[in-house]
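J.: coords-v8.cif is reproduced below (mmCIF, C-alpha atoms and all ligand atoms).
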data_protein
loop_
_atom_site.label_atom_id
_atom_site.label_comp_id
_atom_site.auth_asym_id
_atom_site.auth_seq_id
_atom_site.Cartn_x
_atom_site.Cartn_y
_atom_site.Cartn_z
CA MET A 1 0.00 0.00 0.00
CA ILE A 2 1.54 3.30 -1.11
CA ASN A 3 0.63 6.41 0.91
CA ALA A 4 3.29 8.80 -0.31
CA ILE A 5 4.97 9.45 -3.60
CA LEU A 6 8.33 11.14 -4.01
CA PHE A 7 8.99 12.66 -7.42
CA ASP A 8 12.39 13.53 -8.77
CA LEU A 9 12.13 16.68 -10.90
CA SER A 10 14.55 16.88 -13.84
CA GLY A 11 14.05 13.97 -16.20
CA VAL A 12 10.78 12.93 -14.56
CA LEU A 13 8.52 15.98 -14.72
CA TYR A 14 10.51 17.91 -17.32
CA GLU A 15 13.56 17.77 -19.56
CA GLY A 16 15.33 21.12 -19.94
CA ASP A 17 12.55 23.68 -20.35
CA THR A 18 9.88 21.25 -21.52
CA ALA A 19 7.41 19.27 -19.43
CA ILE A 20 7.34 15.51 -20.05
CA PRO A 21 4.12 14.74 -21.98
CA GLY A 22 1.32 14.03 -19.50
CA ALA A 23 3.39 15.00 -16.45
CA LEU A 24 1.24 18.01 -15.52
CA GLN A 25 -1.94 15.96 -15.50
CA SER A 26 -0.27 13.09 -13.66
CA VAL A 27 0.93 15.38 -10.84
CA GLU A 28 -2.56 16.90 -10.65
CA ARG A 29 -4.08 13.42 -10.37
CA VAL A 30 -1.81 12.61 -7.44
CA GLN A 31 -2.53 15.95 -5.78
CA ALA A 32 -6.26 15.31 -6.10
CA SER A 33 -5.87 11.86 -4.52
CA SER A 34 -5.32 10.94 -0.89
CA LEU A 35 -1.62 10.31 -1.56
CA GLU A 36 0.93 12.59 0.04
CA ILE A 37 3.32 14.08 -2.47
CA ARG A 38 6.88 15.39 -2.21
CA PHE A 39 9.41 16.58 -4.76
CA ILE A 40 13.05 15.83 -4.10
CA THR A 41 15.87 17.10 -6.26
CA ASN A 42 19.63 17.28 -6.44
CA THR A 43 19.53 20.10 -8.97
CA SER A 44 22.26 22.58 -8.06
CA ARG A 45 22.18 24.93 -11.05
CA LYS A 46 19.14 26.84 -9.78
CA THR A 47 18.20 28.57 -6.57
CA ARG A 48 15.18 27.25 -4.74
CA SER A 49 13.08 30.25 -5.84
CA LYS A 50 14.10 29.81 -9.50
CA LEU A 51 13.25 26.11 -9.28
CA LEU A 52 9.78 26.93 -7.93
CA ASP A 53 9.28 29.68 -10.54
CA ASP A 54 10.25 27.34 -13.37
CA LEU A 55 7.84 24.68 -12.11
CA ARG A 56 5.06 27.26 -12.00
CA ILE A 57 5.89 28.49 -15.51
CA LEU A 58 5.67 24.91 -16.79
CA GLY A 59 2.24 24.72 -15.17
CA PHE A 60 2.98 22.51 -12.15
CA LYS A 61 1.09 23.50 -9.03
CA VAL A 62 3.56 22.83 -6.27
CA ASN A 63 3.42 23.81 -2.62
CA PRO A 64 6.93 25.04 -1.67
CA ASP A 65 6.74 23.00 1.54
CA GLN A 66 6.58 19.86 -0.61
CA VAL A 67 9.95 20.56 -2.25
CA PHE A 68 13.19 19.20 -0.76
CA THR A 69 16.46 20.21 -2.37
CA ALA A 70 19.98 18.93 -1.90
CA VAL A 71 21.23 22.54 -1.86
CA ASP A 72 19.05 23.28 1.20
CA ALA A 73 20.28 20.10 2.88
CA ALA A 74 23.90 21.07 2.24
CA LYS A 75 23.35 24.58 3.62
CA SER A 76 21.80 23.22 6.80
CA TRP A 77 24.62 20.71 7.24
CA LEU A 78 27.27 23.45 6.94
CA GLN A 79 25.32 25.88 9.16
CA GLN A 80 24.85 23.32 11.92
CA ARG A 81 28.61 22.81 12.05
CA GLY A 82 29.55 26.50 11.78
CA LEU A 83 31.84 25.79 8.82
CA ARG A 84 33.39 28.28 6.38
CA PRO A 85 32.96 26.58 3.01
CA TYR A 86 34.85 27.04 -0.21
CA CYS A 87 31.81 26.86 -2.49
CA LEU A 88 32.66 25.21 -5.79
CA VAL A 89 29.11 25.55 -7.05
CA HIS A 90 27.32 26.98 -10.09
CA GLU A 91 27.39 30.77 -10.41
CA ASN A 92 23.57 30.75 -10.32
CA ILE A 93 23.53 29.52 -6.70
CA GLN A 94 26.56 31.32 -5.25
CA GLY A 95 24.13 33.79 -3.67
CA GLU A 96 22.51 30.98 -1.66
CA PHE A 97 25.72 30.80 0.37
CA SER A 98 26.28 34.54 0.83
CA ASP A 99 25.50 34.25 4.56
CA PHE A 100 28.52 32.02 5.09
CA ASP A 101 31.93 33.35 6.01
CA GLN A 102 33.95 32.08 3.07
CA CYS A 103 37.28 33.61 4.07
CA ASP A 104 39.95 31.14 5.08
CA PRO A 105 37.68 28.15 4.26
CA ASN A 106 37.69 25.03 6.44
CA ALA A 107 35.29 22.97 4.32
CA VAL A 108 34.72 22.28 0.63
CA LEU A 109 31.26 22.28 -0.89
CA MET A 110 30.88 20.88 -4.40
CA GLY A 111 27.74 21.00 -6.54
CA ASP A 112 27.21 20.95 -10.28
CA ALA A 113 29.52 23.90 -10.90
CA ALA A 114 29.61 23.49 -14.71
CA GLU A 115 32.19 25.92 -16.17
CA ALA A 116 33.51 26.72 -12.67
CA PHE A 117 35.07 23.24 -12.59
CA SER A 118 38.37 24.72 -13.75
CA TYR A 119 41.78 23.23 -13.06
CA ASN A 120 42.52 26.06 -10.60
CA ASN A 121 39.25 25.66 -8.70
CA LEU A 122 39.53 21.87 -8.53
CA ASN A 123 43.10 22.21 -7.27
CA ARG A 124 41.93 24.57 -4.54
CA ALA A 125 39.31 22.04 -3.45
CA PHE A 126 41.93 19.28 -3.56
CA ARG A 127 44.44 21.17 -1.43
CA LEU A 128 41.84 22.12 1.18
CA CYS A 129 40.69 18.51 1.48
CA LEU A 130 44.26 17.29 1.66
CA GLY A 131 44.68 19.68 4.58
CA GLY A 132 41.75 18.12 6.42
CA ALA A 133 38.74 20.17 5.28
CA PRO A 134 35.60 18.02 5.03
CA LEU A 135 34.30 17.51 1.50
CA VAL A 136 30.56 18.00 1.09
CA GLY A 137 28.77 17.02 -2.12
CA VAL A 138 25.42 18.29 -3.36
CA GLY A 139 24.26 14.95 -4.71
CA TYR A 140 26.53 12.39 -6.35
CA ASN A 141 24.90 12.18 -9.76
CA ARG A 142 27.04 11.03 -12.69
CA TYR A 143 25.23 12.96 -15.42
CA PHE A 144 21.89 14.49 -16.33
CA ASN A 145 19.84 15.23 -19.42
CA SER A 146 19.84 18.93 -20.29
CA GLY A 147 16.94 18.45 -22.67
CA SER A 148 19.15 18.00 -25.74
CA GLN A 149 22.15 16.04 -24.48
CA LEU A 150 23.68 14.30 -21.48
CA LEU A 151 25.93 16.53 -19.37
CA LEU A 152 28.35 15.70 -16.56
CA ASP A 153 26.92 16.32 -13.09
CA ALA A 154 28.76 16.91 -9.80
CA GLY A 155 29.50 13.23 -9.05
CA PRO A 156 32.53 12.73 -11.33
CA TYR A 157 34.21 15.87 -9.95
CA ILE A 158 33.52 14.96 -6.31
CA LYS A 159 34.93 11.52 -7.05
CA ALA A 160 38.09 13.12 -8.51
CA ILE A 161 38.74 15.08 -5.31
CA GLU A 162 37.97 12.01 -3.18
CA PHE A 163 40.51 10.04 -5.23
CA ALA A 164 43.23 12.69 -5.23
CA ALA A 165 42.96 13.63 -1.55
CA SER A 166 42.10 10.12 -0.26
CA VAL A 167 38.95 11.39 1.45
CA GLU A 168 35.31 10.39 1.41
CA ALA A 169 32.71 13.04 0.69
CA THR A 170 29.61 13.56 2.80
CA ILE A 171 26.81 13.50 0.26
CA LEU A 172 23.79 15.67 0.98
CA GLY A 173 20.78 14.97 -1.20
CA LYS A 174 20.14 11.74 -3.06
CA PRO A 175 21.28 8.95 -2.68
CA SER A 176 21.75 9.73 1.02
CA ALA A 177 19.17 7.76 3.03
CA GLU A 178 19.03 10.68 5.47
CA PHE A 179 17.76 12.95 2.70
CA PHE A 180 15.00 10.54 1.67
CA HIS A 181 14.00 10.12 5.32
CA GLN A 182 13.98 13.89 5.88
CA ALA A 183 11.45 14.33 3.05
CA LEU A 184 9.45 11.37 4.26
CA ALA A 185 9.40 12.64 7.86
CA SER A 186 7.23 15.52 6.63
CA THR A 187 4.56 12.97 5.63
CA THR A 188 2.64 10.39 7.66
CA ALA A 189 3.99 7.51 5.57
CA ALA A 190 6.48 4.90 6.72
CA ALA A 191 9.39 4.22 4.37
CA ASP A 192 7.87 1.05 2.91
CA GLN A 193 4.62 2.94 2.21
CA ALA A 194 6.42 5.39 -0.07
CA LEU A 195 7.46 5.20 -3.70
CA MET A 196 10.29 7.16 -5.28
CA VAL A 197 9.87 7.93 -8.98
CA GLY A 198 13.11 8.87 -10.73
CA ASP A 199 15.15 8.70 -13.93
CA ASP A 200 18.49 8.02 -12.18
CA VAL A 201 18.81 4.33 -11.42
CA PHE A 202 21.52 4.98 -8.84
CA GLY A 203 20.63 8.29 -7.20
CA ASP A 204 16.87 7.86 -7.25
CA VAL A 205 16.06 4.16 -7.35
CA GLU A 206 19.00 2.48 -5.64
CA GLY A 207 19.13 5.30 -3.09
CA ALA A 208 15.45 4.85 -2.31
CA LEU A 209 15.76 1.07 -2.00
CA ASN A 210 18.69 1.48 0.41
CA ALA A 211 16.49 3.82 2.46
CA GLY A 212 13.73 1.17 2.63
CA ILE A 213 11.57 3.05 0.13
CA GLN A 214 10.03 1.47 -2.97
CA GLY A 215 11.45 2.51 -6.32
CA CYS A 216 10.16 3.24 -9.80
CA LEU A 217 12.51 3.99 -12.69
CA VAL A 218 11.15 6.00 -15.63
CA ARG A 219 12.44 5.67 -19.18
CA THR A 220 12.68 9.46 -19.65
CA GLY A 221 15.36 12.04 -18.81
CA LYS A 222 18.78 10.49 -18.40
CA TYR A 223 17.48 6.92 -18.66
CA GLN A 224 19.62 4.71 -20.92
CA THR A 225 18.62 1.29 -22.23
CA GLY A 226 19.62 -1.39 -19.74
CA ASP A 227 19.81 0.95 -16.71
CA GLU A 228 17.33 -1.30 -14.89
CA CYS A 229 19.92 -4.11 -14.98
CA LYS A 230 22.61 -2.03 -13.24
CA ILE A 231 21.34 -2.42 -9.67
CA MET A 232 19.99 -5.20 -7.46
CA GLY A 233 16.59 -5.26 -5.82
CA ASN A 234 12.95 -5.17 -6.80
CA PHE A 235 11.57 -2.05 -8.38
CA HIS A 236 9.28 -0.98 -11.19
CA THR A 237 10.45 0.27 -14.59
CA VAL A 238 7.90 2.25 -16.60
CA ASP A 239 7.85 4.42 -19.73
CA SER A 240 7.20 7.71 -17.95
CA VAL A 241 5.72 9.44 -14.93
CA VAL A 242 2.29 8.92 -16.53
CA GLU A 243 2.61 5.15 -16.29
CA ALA A 244 4.10 5.45 -12.78
CA VAL A 245 1.04 7.34 -11.56
CA GLU A 246 -1.30 4.86 -13.30
CA LEU A 247 0.50 2.08 -11.45
CA ILE A 248 0.10 3.75 -8.06
CA LEU A 249 -3.45 4.99 -8.42
CA GLY A 250 -4.42 1.60 -9.84
CA GLY A 251 -3.21 0.06 -6.59
CA ASN A 252 -0.50 -1.97 -8.35
CA CYS A 253 2.41 -1.00 -6.12
MG MG B 301 16.43 13.29 -12.51
#
What is this file in structure tokens?
T.:
Amino acid sequence: MINAILFDLSGVLYEGDTAIPGALQSVERVQASSLEIRFITNTSRKTRSKLLDDLRILGFKVNPDQVFTAVDAAKSWLQQRGLRPYCLVHENIQGEFSDFDQCDPNAVLMGDAAEAFSYNNLNRAFRLCLGGAPLVGVGYNRYFNSGSQLLLDAGPYIKAIEFAASVEATILGKPSAEFFHQALASTTAAADQALMVGDDVFGDVEGALNAGIQGCLVRTGKYQTGDECKIMGNFHTVDSVVEAVELILGGNC
């Protein structure tokens, strides 16, 4: 019995600037049902307010309280520890960290920094981590679908610093079980009464399964043929969010 549904955003509800066909109606169907709904995303190229604006422009009716972002989780983690992060993040979200003292950094925060992943910036992150600064990752995704092509995400760069400095990053966002549980704690559902719908077989589906949550992989967004064979465990694989919602509302989960 599913009582809560967790939707990934990019690749599930939209690709680039375009909604996935039928996604608007599918989200509306869930919102009109007795299911609790949450949106959880590792996107780190947009501020929270831009993310909400873009959803609204696409036509999705989303309550901001239903949206959990890895960027917010990373900010809280750094704030709770009083750290001064070197923020190797996308220029669009630098302002999200303006409250932090970033002089003489004692932590490294890495998101999907895109063009800011320069040799100089990566070396700075490497040297700080080698000197003992904790490495914090906004998600651990390998790549994502921009709408027209696959692009490298933060994961490969975080992995490079882990490798060079012999450290292990703390990952905020998916696939961290803590992140899934944080979103779920805002609902009345237990983990096994929730279903995560995502296009990333590792970050979304495997992460959810490891957190005790059911998983549903969609064949949109970054999905590549055969992705469903890359992880262990029982989960659904469907053509799109439309079929995922049919499955849930039909009581077949
Ligand atoms: Mg996605």
J.: Select, from A:Val108, A:Leu78, A:Leu6, A:Val138, the residue with the minimum atom-to-atom distance to A:Ala183, counting only C-alpha atoms.
T.: A:Leu6
J.: Could you list, as a list in words, all residues that come within 7 Å of ligand MG 301 (chain B)? Count only C-alpha atoms and all ligand atoms.
T.: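 With only C-alpha atoms and all ligand atoms and a cut-off of 7 Å, ligand MG 301 (chain B) is contacted by Asp8, Leu9, Ser10, Gly11, Val12, Phe144, Gly198, Asp199, Asp200, Gly221 and Lys222 of chain A.
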J.: In Å, rounded to a single decimal, give me how far atom CA of A:Leu151 is from atom CA of A:Val136.
T.: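 That distance, rounded to one decimal, is 21.0 Å.
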J.: Rounded to one decimal in Å, what is the spacing between atom CA of A:Phe97 and atom CA of A:Ile158?
T.: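 Distance reported for this atom pair: 18.9 Å.
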J.: Which residues are close to stretch 100-105 of chain A, i.e. within 9 Å by only C-alpha atoms, leaving aside same-chain residues fewer than 5 positions away? Reply as a list of chain:residue names.
T.: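 Listing them by chain and then by number gives A:Leu78, A:Gln79, A:Gly82, A:Leu83, A:Arg84, A:Pro85, A:Tyr86, A:Cys87, A:Leu128, A:Ala133.
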J.: As a tab-separated table (two decimals), keeping the file's coordinate frame, could you write out stretch 160-178 of chain A once it has been completed with N, CA and C atoms?
T.:
chain	number	residue	atom	x	y	z
A	160	ALA	N	36.70	12.76	-8.20
A	160	ALA	CA	38.09	13.12	-8.51
A	160	ALA	C	38.80	13.66	-7.27
A	161	ILE	N	38.12	14.51	-6.52
A	161	ILE	CA	38.74	15.08	-5.31
A	161	ILE	C	38.88	14.00	-4.23
A	162	GLU	N	37.87	13.13	-4.13
A	162	GLU	CA	37.97	12.01	-3.18
A	162	GLU	C	39.21	11.17	-3.50
A	163	PHE	N	39.40	10.89	-4.77
A	163	PHE	CA	40.51	10.04	-5.23
A	163	PHE	C	41.85	10.72	-4.96
A	164	ALA	N	41.94	11.99	-5.35
A	164	ALA	CA	43.23	12.69	-5.23
A	164	ALA	C	43.62	12.91	-3.78
A	165	ALA	N	42.64	13.27	-2.94
A	165	ALA	CA	42.96	13.63	-1.55
A	165	ALA	C	42.75	12.47	-0.58
A	166	SER	N	42.36	11.30	-1.10
A	166	SER	CA	42.10	10.12	-0.26
A	166	SER	C	41.11	10.45	0.85
A	167	VAL	N	40.00	11.06	0.48
A	167	VAL	CA	38.95	11.39	1.45
A	167	VAL	C	37.62	10.83	0.95
A	168	GLU	N	36.65	10.81	1.81
A	168	GLU	CA	35.31	10.39	1.41
A	168	GLU	C	34.36	11.57	1.62
A	169	ALA	N	33.63	11.91	0.59
A	169	ALA	CA	32.71	13.04	0.69
A	169	ALA	C	31.49	12.68	1.52
A	170	THR	N	30.94	13.68	2.21
A	170	THR	CA	29.61	13.56	2.80
A	170	THR	C	28.64	14.03	1.74
A	171	ILE	N	27.75	13.13	1.32
A	171	ILE	CA	26.81	13.50	0.26
A	171	ILE	C	25.48	13.93	0.86
A	172	LEU	N	25.11	15.18	0.57
A	172	LEU	CA	23.79	15.67	0.98
A	172	LEU	C	22.90	15.57	-0.26
A	173	GLY	N	21.65	15.23	-0.05
A	173	GLY	CA	20.78	14.97	-1.20
A	173	GLY	C	20.78	13.49	-1.53
A	174	LYS	N	20.17	13.14	-2.64
A	174	LYS	CA	20.14	11.74	-3.06
A	174	LYS	C	21.55	11.29	-3.47
A	175	PRO	N	22.03	10.09	-3.22
A	175	PRO	CA	21.28	8.95	-2.68
A	175	PRO	C	21.36	8.79	-1.17
A	176	SER	N	21.66	9.85	-0.43
A	176	SER	CA	21.75	9.73	1.02
A	176	SER	C	20.40	9.32	1.63
A	177	ALA	N	20.42	8.24	2.40
A	177	ALA	CA	19.17	7.76	3.03
A	177	ALA	C	18.59	8.85	3.94
A	178	GLU	N	19.47	9.61	4.57
A	178	GLU	CA	19.03	10.68	5.47
A	178	GLU	C	18.15	11.69	4.73
